[in-house]
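Peer 1: What follows is a structure written as structure tokens; I'll ask about it next.
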Amino acid sequence: MTVHPSLQTYADAWAHSVEAISELVQPLAEGDWNRATPCPGWSVRDIVSHVIGMECEMLGDPRPIHTLPRDLYHVRSEFARYMEMQVDVRRHHTAPEMTSELEYTIIRRNRQLRNENRAPDTMVRAPLGAEQTLELAYRMRAFDIWVHEQDLRAALNRPGNLDSPGALVARDNFLAVLPRVVAKDAGAPPHSAVVFDVHGPVEFLRTVRVDADGRGTIDGAPSLGPAATLALDWETYVRLAAGRVRPAAVADRIKIEGDADLAWAILDSFAVTP
């Protein structure tokens, strides 16, 4: 147990998803590691490499010294280059090498979590040399691990854990940026409201309200006269918000009422993961 309940919530969600990932990949044949996933440009091996790499960074391990190839089409930003380093350095590792490194990294991270005594507001290393609070780092690891667990499940045709502790962390992360998506990115007009009605393993109804200055807020109260209402299932919501699918590809799974142009502007801005 950690000493702070806020950290324990994220540690538990992380542990649940990372153990699921370990169980998913442990029995895979060599060829299955090359399967494409919904995460652009990454195979099953690449996802697991990313998980290992990010957890090693949480442990304080030095980053690998490695030169990336120039022909990686999905690497389009400094952030993507940073993330790709831990992935590309493992691209030729065998299945046994991958599973053994993953297992060893999980053991080390579990030990770190058990012994955690830092305060949630402690500043720790973040990608690209930045800093973040320990609580944010824990939350983002729980979120990232769960999204990548879903990537692996899609690639391996092993659906599940759409309502796990990590799913609830993902829900909260996605909802936190929804006001910006609606008000700023999609340009919803002042004094308007947009309702999101999500059903499935994780269910919620949220209204984003745009004030006179164009700022968005979010609450759980329904709107009597929303500019638009979007109803969709939780899995589709996740795939859209994580940038795993384009809105047009899942249009049949989204019910829109009200201003269709605004609804599609929102959907076109929906992907919020880097």
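Identifiers for the structure tokens are assigned positionally: chains receive A, B, ... in sequence, residues are indexed from 1 per chain, and ligands are indexed from 1 in the order shown.
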Which residues are near Asp259 in chain A? Cut-off 9 Å, only C-alpha atoms, ignore same chain within fewer than 2 positions. Put them as an NGL selection string.
Peer 2: :A and (227-229 or 256-257 or 261-264)
Peer 1: Based on the selection just made, write N, CA and C atoms of those residues as a PDB file, in the first residue's frame.
Peer 2:
```pdb
ATOM      1  N   ALA A 227     -27.470  22.405 -28.278  1.00  0.00           N
ATOM      2  CA  ALA A 227     -27.213  22.643 -29.700  1.00  0.00           C
ATOM      3  C   ALA A 227     -27.050  21.317 -30.434  1.00  0.00           C
ATOM      4  N   ALA A 228     -26.461  20.333 -29.739  1.00  0.00           N
ATOM      5  CA  ALA A 228     -26.269  19.011 -30.346  1.00  0.00           C
ATOM      6  C   ALA A 228     -26.190  17.958 -29.247  1.00  0.00           C
ATOM      7  N   THR A 229     -26.620  16.765 -29.583  1.00  0.00           N
ATOM      8  CA  THR A 229     -26.491  15.605 -28.695  1.00  0.00           C
ATOM      9  C   THR A 229     -25.811  14.494 -29.466  1.00  0.00           C
ATOM     10  N   ILE A 256     -26.595  11.333 -33.841  1.00  0.00           N
ATOM     11  CA  ILE A 256     -26.468  12.783 -33.682  1.00  0.00           C
ATOM     12  C   ILE A 256     -27.846  13.418 -33.767  1.00  0.00           C
ATOM     13  N   GLU A 257     -28.136  14.288 -32.812  1.00  0.00           N
ATOM     14  CA  GLU A 257     -29.356  15.086 -32.850  1.00  0.00           C
ATOM     15  C   GLU A 257     -28.970  16.562 -32.755  1.00  0.00           C
ATOM     16  N   ASP A 261     -23.449  19.853 -38.188  1.00  0.00           N
ATOM     17  CA  ASP A 261     -22.136  20.436 -38.512  1.00  0.00           C
ATOM     18  C   ASP A 261     -21.289  20.596 -37.250  1.00  0.00           C
ATOM     19  N   LEU A 262     -21.912  21.079 -36.188  1.00  0.00           N
ATOM     20  CA  LEU A 262     -21.187  21.219 -34.924  1.00  0.00           C
ATOM     21  C   LEU A 262     -20.777  19.859 -34.392  1.00  0.00           C
ATOM     22  N   ALA A 263     -21.678  18.888 -34.452  1.00  0.00           N
ATOM     23  CA  ALA A 263     -21.367  17.545 -33.959  1.00  0.00           C
ATOM     24  C   ALA A 263     -20.165  16.952 -34.693  1.00  0.00           C
ATOM     25  N   TRP A 264     -20.115  17.127 -35.994  1.00  0.00           N
ATOM     26  CA  TRP A 264     -18.995  16.578 -36.765  1.00  0.00           C
ATOM     27  C   TRP A 264     -17.709  17.364 -36.534  1.00  0.00           C
TER      28      TRP A 264
END
```
Peer 1: Need to verify the contact set: Val198 in chain A, 6 Å, only C-alpha atoms, exclusion of same-chain residues closer than 3 positions in sequence. Can you return it as a short mmCIF file (atom, residue, chain, number, x, y, z; two decimals) with N, CA and C atoms, in the first residue's frame?
Peer 2:
```cif
data_model
loop_
_atom_site.label_atom_id
_atom_site.label_comp_id
_atom_site.auth_asym_id
_atom_site.auth_seq_id
_atom_site.Cartn_x
_atom_site.Cartn_y
_atom_site.Cartn_z
N GLU A 203 -20.94 3.90 -18.49
CA GLU A 203 -22.05 4.76 -18.93
C GLU A 203 -21.95 6.12 -18.26
N PHE A 204 -22.27 7.18 -19.01
CA PHE A 204 -22.35 8.50 -18.41
C PHE A 204 -23.10 9.44 -19.35
N ALA A 231 -24.86 10.51 -29.10
CA ALA A 231 -25.05 9.26 -28.36
C ALA A 231 -24.20 8.17 -29.02
N LEU A 232 -23.39 7.50 -28.22
CA LEU A 232 -22.51 6.46 -28.75
C LEU A 232 -22.12 5.49 -27.64
N ASP A 233 -21.58 4.35 -28.02
CA ASP A 233 -21.16 3.37 -27.03
C ASP A 233 -19.76 3.69 -26.52
N TRP A 234 -19.43 3.18 -25.35
CA TRP A 234 -18.18 3.48 -24.68
C TRP A 234 -16.96 3.06 -25.50
#
```
Peer 1: Given the choices A:Asp219, A:Glu55, A:Asp151, A:Asp144, which gets closest to Arg35 in chain A if the distance is worked out from only C-alpha atoms?
Peer 2: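 Of all the options, A:Asp151 lies closest to Arg35 in chain A.
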Peer 1: I'd like the contact shell of Ala15 in chain A - 12 Å cut-off, only C-alpha atoms, skipping same-chain residues fewer than 6 positions apart - returned as a list in words.
Peer 2: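 Close residues of Ala15 in chain A: Gln8, Thr9, Ile21, Ser22, Glu55, Ile106, Ile107, Arg109, Asn110, Arg111, Leu113, Arg114, Tyr138, Arg141, Ala142, Phe143, Ile145, Trp146, Glu149, Ser164, Pro165 and Gly166 of chain A.
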Peer 1: Could you write those residues out with N, CA, C and O atoms, as an mmCIF file, in the first residue's frame?
Peer 2:
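Result file is again.cif:
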```cif
data_model
loop_
_atom_site.group_PDB
_atom_site.id
_atom_site.type_symbol
_atom_site.label_atom_id
_atom_site.label_comp_id
_atom_site.auth_asym_id
_atom_site.auth_seq_id
_atom_site.Cartn_x
_atom_site.Cartn_y
_atom_site.Cartn_z
ATOM 1 N N GLN A 8 -2.878 5.409 -4.614
ATOM 2 C CA GLN A 8 -3.257 3.997 -4.595
ATOM 3 C C GLN A 8 -4.284 3.684 -5.670
ATOM 4 O O GLN A 8 -4.239 2.623 -6.302
ATOM 5 N N THR A 9 -5.216 4.599 -5.900
ATOM 6 C CA THR A 9 -6.241 4.402 -6.933
ATOM 7 C C THR A 9 -5.587 4.168 -8.291
ATOM 8 O O THR A 9 -5.955 3.240 -9.023
ATOM 9 N N ILE A 21 -1.952 -7.199 -19.637
ATOM 10 C CA ILE A 21 -1.059 -7.178 -20.798
ATOM 11 C C ILE A 21 -0.093 -8.361 -20.745
ATOM 12 O O ILE A 21 0.141 -9.049 -21.752
ATOM 13 N N SER A 22 0.463 -8.610 -19.582
ATOM 14 C CA SER A 22 1.396 -9.723 -19.430
ATOM 15 C C SER A 22 0.731 -11.052 -19.781
ATOM 16 O O SER A 22 1.305 -11.885 -20.491
ATOM 17 N N GLU A 55 7.804 2.357 -18.208
ATOM 18 C CA GLU A 55 7.925 1.920 -16.816
ATOM 19 C C GLU A 55 9.375 2.010 -16.342
ATOM 20 O O GLU A 55 9.634 2.341 -15.182
ATOM 21 N N ILE A 106 7.808 -5.360 -14.561
ATOM 22 C CA ILE A 106 6.617 -5.336 -13.704
ATOM 23 C C ILE A 106 6.993 -5.631 -12.252
ATOM 24 O O ILE A 106 6.501 -4.983 -11.322
ATOM 25 N N ILE A 107 7.883 -6.596 -12.049
ATOM 26 C CA ILE A 107 8.335 -6.926 -10.689
ATOM 27 C C ILE A 107 8.995 -5.709 -10.042
ATOM 28 O O ILE A 107 8.713 -5.354 -8.890
ATOM 29 N N ARG A 109 8.625 -2.508 -10.838
ATOM 30 C CA ARG A 109 7.671 -1.417 -10.625
ATOM 31 C C ARG A 109 6.724 -1.728 -9.463
ATOM 32 O O ARG A 109 6.385 -0.833 -8.683
ATOM 33 N N ASN A 110 6.314 -2.978 -9.329
ATOM 34 C CA ASN A 110 5.468 -3.345 -8.190
ATOM 35 C C ASN A 110 6.198 -3.101 -6.878
ATOM 36 O O ASN A 110 5.603 -2.624 -5.897
ATOM 37 N N ARG A 111 7.485 -3.410 -6.857
ATOM 38 C CA ARG A 111 8.282 -3.165 -5.650
ATOM 39 C C ARG A 111 8.360 -1.661 -5.373
ATOM 40 O O ARG A 111 8.219 -1.220 -4.228
ATOM 41 N N LEU A 113 6.182 0.611 -6.248
ATOM 42 C CA LEU A 113 4.876 1.082 -5.793
ATOM 43 C C LEU A 113 4.617 0.702 -4.336
ATOM 44 O O LEU A 113 4.052 1.484 -3.565
ATOM 45 N N ARG A 114 5.005 -0.509 -3.957
ATOM 46 C CA ARG A 114 4.809 -0.945 -2.569
ATOM 47 C C ARG A 114 5.572 -0.065 -1.580
ATOM 48 O O ARG A 114 5.126 0.155 -0.454
ATOM 49 N N TYR A 138 1.415 9.092 -12.017
ATOM 50 C CA TYR A 138 0.690 7.857 -11.730
ATOM 51 C C TYR A 138 -0.578 7.774 -12.579
ATOM 52 O O TYR A 138 -0.901 6.712 -13.135
ATOM 53 N N ARG A 141 0.232 7.062 -16.257
ATOM 54 C CA ARG A 141 0.665 5.688 -16.500
ATOM 55 C C ARG A 141 -0.540 4.741 -16.480
ATOM 56 O O ARG A 141 -0.653 3.839 -17.304
ATOM 57 N N ALA A 142 -1.467 4.946 -15.533
ATOM 58 C CA ALA A 142 -2.669 4.099 -15.480
ATOM 59 C C ALA A 142 -3.501 4.271 -16.743
ATOM 60 O O ALA A 142 -4.011 3.288 -17.303
ATOM 61 N N PHE A 143 -3.623 5.504 -17.191
ATOM 62 C CA PHE A 143 -4.374 5.805 -18.414
ATOM 63 C C PHE A 143 -3.708 5.181 -19.637
ATOM 64 O O PHE A 143 -4.342 4.472 -20.427
ATOM 65 N N ILE A 145 -1.467 2.775 -19.899
ATOM 66 C CA ILE A 145 -1.426 1.308 -19.873
ATOM 67 C C ILE A 145 -2.778 0.728 -20.286
ATOM 68 O O ILE A 145 -2.856 -0.250 -21.046
ATOM 69 N N TRP A 146 -3.875 1.311 -19.799
ATOM 70 C CA TRP A 146 -5.191 0.779 -20.141
ATOM 71 C C TRP A 146 -5.493 0.959 -21.627
ATOM 72 O O TRP A 146 -6.004 0.026 -22.276
ATOM 73 N N GLU A 149 -3.538 -1.588 -23.409
ATOM 74 C CA GLU A 149 -4.140 -2.904 -23.215
ATOM 75 C C GLU A 149 -5.256 -3.114 -24.241
ATOM 76 O O GLU A 149 -5.370 -4.193 -24.842
ATOM 77 N N SER A 164 -12.866 -1.912 -16.440
ATOM 78 C CA SER A 164 -11.887 -2.144 -15.386
ATOM 79 C C SER A 164 -11.524 -0.828 -14.686
ATOM 80 O O SER A 164 -11.935 0.254 -15.117
ATOM 81 N N PRO A 165 -10.743 -0.888 -13.604
ATOM 82 C CA PRO A 165 -10.313 0.356 -12.949
ATOM 83 C C PRO A 165 -9.619 1.325 -13.903
ATOM 84 O O PRO A 165 -9.802 2.542 -13.811
ATOM 85 N N GLY A 166 -8.833 0.790 -14.839
ATOM 86 C CA GLY A 166 -8.170 1.650 -15.809
ATOM 87 C C GLY A 166 -9.149 2.353 -16.735
ATOM 88 O O GLY A 166 -8.907 3.482 -17.176
#
```
Peer 1: So how far away is CA of His50 in chain A from CA of Leu136 in chain A, in Å?
Peer 2: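 Separation of CA of Leu136 in chain A and CA of His50 in chain A: 18.6 Å.
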Peer 1: Check range 59-250 of chain A with DSSP on the backbone and list each residue it calls strand (DSSP E), as JSON, numbers by chain.
Peer 2: {"A": [123, 124, 125, 131, 132, 133, 193, 194, 195, 196, 197, 198, 199, 204, 205, 206, 207, 208, 209, 210, 216, 217, 218, 219, 228, 229, 230, 231, 232, 233]}
Peer 1: Could you tell me which of A:Arg239, A:Met58, A:Val147, A:Gly160 comes closest to Ala126 in chain A if we count only C-alpha atoms?
Peer 2: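 Under the stated criterion, the closest residue is A:Met58.
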Peer 1: In Å, with one decimal, what is the gap from CA of Glu84 in chain A to CA of Leu68 in chain A?
Peer 2: 7.8 Å
Peer 1: Which one of A:Leu205, A:Leu28, A:Val89, A:Ala242 sits closest to Val272 in chain A if you count only C-alpha atoms?
Peer 2: A:Ala242
Peer 1: May I have all residues of range 38-268 of chain A that DSSP, computed from the backbone, assigns to helix (DSSP H, G or I), given as a PyMOL selection string?
Peer 2: chain A and resi 44-58+78-88+95-114+127-129+134-156+165-185+234-241+247-253+260-268
Peer 1: With distances taken over only C-alpha atoms, which residue among A:Thr94, A:Gln86, A:Gln150, A:Asn115 lies nearest Thr37 in chain A?
Peer 2: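 Looking at the shortest contact to Thr37 in chain A, the residue is A:Gln150.
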Peer 1: Name the closest residue to Val208 in chain A among the candidates A:Gly31, A:Pro179, A:Gly41, A:Gly129; distances are taken between atoms, counting only C-alpha atoms.
Peer 2: A:Pro179
Peer 1: Using only C-alpha atoms, which protein or nucleic acid residues come within 12 Å of Ala221 in chain A? Drop anything in the same chain fewer than 4 positions from it, and give the result as JSON, numbers by chain.
Peer 2: {"A": [193, 194, 195, 196, 197, 204, 205, 206, 207, 208, 209, 217, 226]}
Peer 1: Which residue is closest to Tyr10 in chain A? Choose from A:Met140, A:Ile254, A:Leu267, A:Ala188 and count only C-alpha atoms.
Peer 2: A:Met140
Peer 1: At what distance in Å, to one decimal, does CA of Glu19 in chain A lie from CA of Thr122 in chain A?
Peer 2: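 Here the two named atoms are 26.5 Å from each other.
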Peer 1: Compile the contact shell of Trp42 in chain A as a CSV table (one decimal) with N, CA, C and O atoms, in the first residue's frame: residues with an atom at most 12 Å away, counting only C-alpha atoms, same-chain residues fewer than 6 positions apart removed.
Peer 2:
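Generated file (result-v8.csv):
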```csv
chain,number,residue,atom,x,y,z
A,33,TRP,N,3.7,-11.3,-32.6
A,33,TRP,CA,4.3,-10.1,-32.1
A,33,TRP,C,4.4,-9.0,-33.1
A,33,TRP,O,4.5,-7.8,-32.8
A,34,ASN,N,4.3,-9.4,-34.4
A,34,ASN,CA,4.3,-8.5,-35.5
A,34,ASN,C,3.0,-8.0,-35.9
A,34,ASN,O,2.9,-7.2,-36.9
A,35,ARG,N,1.9,-8.4,-35.3
A,35,ARG,CA,0.6,-8.0,-35.7
A,35,ARG,C,0.4,-6.5,-35.5
A,35,ARG,O,0.9,-5.9,-34.5
A,36,ALA,N,-0.3,-5.9,-36.5
A,36,ALA,CA,-0.6,-4.4,-36.4
A,36,ALA,C,-1.6,-4.2,-35.3
A,36,ALA,O,-2.5,-5.0,-35.1
A,48,VAL,N,4.3,-3.3,-26.4
A,48,VAL,CA,4.9,-3.9,-25.3
A,48,VAL,C,6.3,-3.2,-25.0
A,48,VAL,O,6.6,-2.9,-23.8
A,49,SER,N,7.0,-2.9,-26.0
A,49,SER,CA,8.3,-2.1,-25.9
A,49,SER,C,8.0,-0.8,-25.3
A,49,SER,O,8.8,-0.3,-24.4
A,50,HIS,N,7.0,-0.1,-25.7
A,50,HIS,CA,6.6,1.2,-25.2
A,50,HIS,C,6.3,1.1,-23.7
A,50,HIS,O,6.7,1.9,-22.8
A,72,LEU,N,10.3,6.5,-40.5
A,72,LEU,CA,9.2,6.1,-39.7
A,72,LEU,C,8.1,7.1,-39.9
A,72,LEU,O,8.1,8.2,-39.4
A,73,TYR,N,7.1,6.7,-40.8
A,73,TYR,CA,6.1,7.7,-41.2
A,73,TYR,C,5.2,8.2,-40.1
A,73,TYR,O,4.7,9.3,-40.2
A,74,HIS,N,5.1,7.4,-39.0
A,74,HIS,CA,4.2,7.8,-37.9
A,74,HIS,C,4.9,8.8,-36.9
A,74,HIS,O,4.2,9.3,-36.0
A,75,VAL,N,6.2,9.0,-37.1
A,75,VAL,CA,6.9,9.9,-36.2
A,75,VAL,C,7.0,11.3,-36.7
A,75,VAL,O,7.7,11.5,-37.6
A,80,ALA,N,6.7,12.4,-30.4
A,80,ALA,CA,6.6,11.1,-31.0
A,80,ALA,C,8.0,10.5,-31.1
A,80,ALA,O,8.2,9.3,-30.9
A,83,MET,N,9.0,9.1,-27.7
A,83,MET,CA,8.3,7.9,-27.4
A,83,MET,C,8.8,6.7,-28.3
A,83,MET,O,8.9,5.6,-27.8
A,84,GLU,N,9.2,7.0,-29.5
A,84,GLU,CA,9.7,6.0,-30.4
A,84,GLU,C,11.0,5.4,-30.0
A,84,GLU,O,11.3,4.2,-30.4
A,87,VAL,N,10.8,2.2,-28.2
A,87,VAL,CA,10.2,1.2,-29.1
A,87,VAL,C,11.2,0.6,-30.1
A,87,VAL,O,11.4,-0.6,-30.3
A,88,ASP,N,11.8,1.5,-30.8
A,88,ASP,CA,12.7,1.1,-31.9
A,88,ASP,C,13.9,0.3,-31.4
A,88,ASP,O,14.4,-0.6,-32.1
A,91,ARG,N,13.0,-3.4,-31.5
A,91,ARG,CA,12.2,-3.9,-32.6
A,91,ARG,C,12.7,-5.3,-33.1
A,91,ARG,O,12.0,-6.0,-33.8
A,148,HIS,N,-3.4,1.1,-24.1
A,148,HIS,CA,-2.5,0.1,-24.8
A,148,HIS,C,-3.0,-1.3,-24.6
A,148,HIS,O,-2.8,-2.1,-25.5
A,151,ASP,N,-5.5,-1.6,-27.2
A,151,ASP,CA,-4.8,-1.8,-28.5
A,151,ASP,C,-4.5,-3.3,-28.7
A,151,ASP,O,-4.7,-3.8,-29.8
A,152,LEU,N,-3.9,-3.9,-27.7
A,152,LEU,CA,-3.4,-5.3,-27.8
A,152,LEU,C,-4.6,-6.2,-27.9
A,152,LEU,O,-4.6,-7.2,-28.7
A,155,ALA,N,-5.8,-6.0,-31.5
A,155,ALA,CA,-5.0,-6.7,-32.4
A,155,ALA,C,-5.0,-8.2,-32.3
A,155,ALA,O,-4.9,-9.0,-33.2
A,244,ARG,N,-7.8,6.2,-32.4
A,244,ARG,CA,-7.6,4.9,-33.0
A,244,ARG,C,-8.4,4.7,-34.3
A,244,ARG,O,-8.2,3.7,-35.0
```
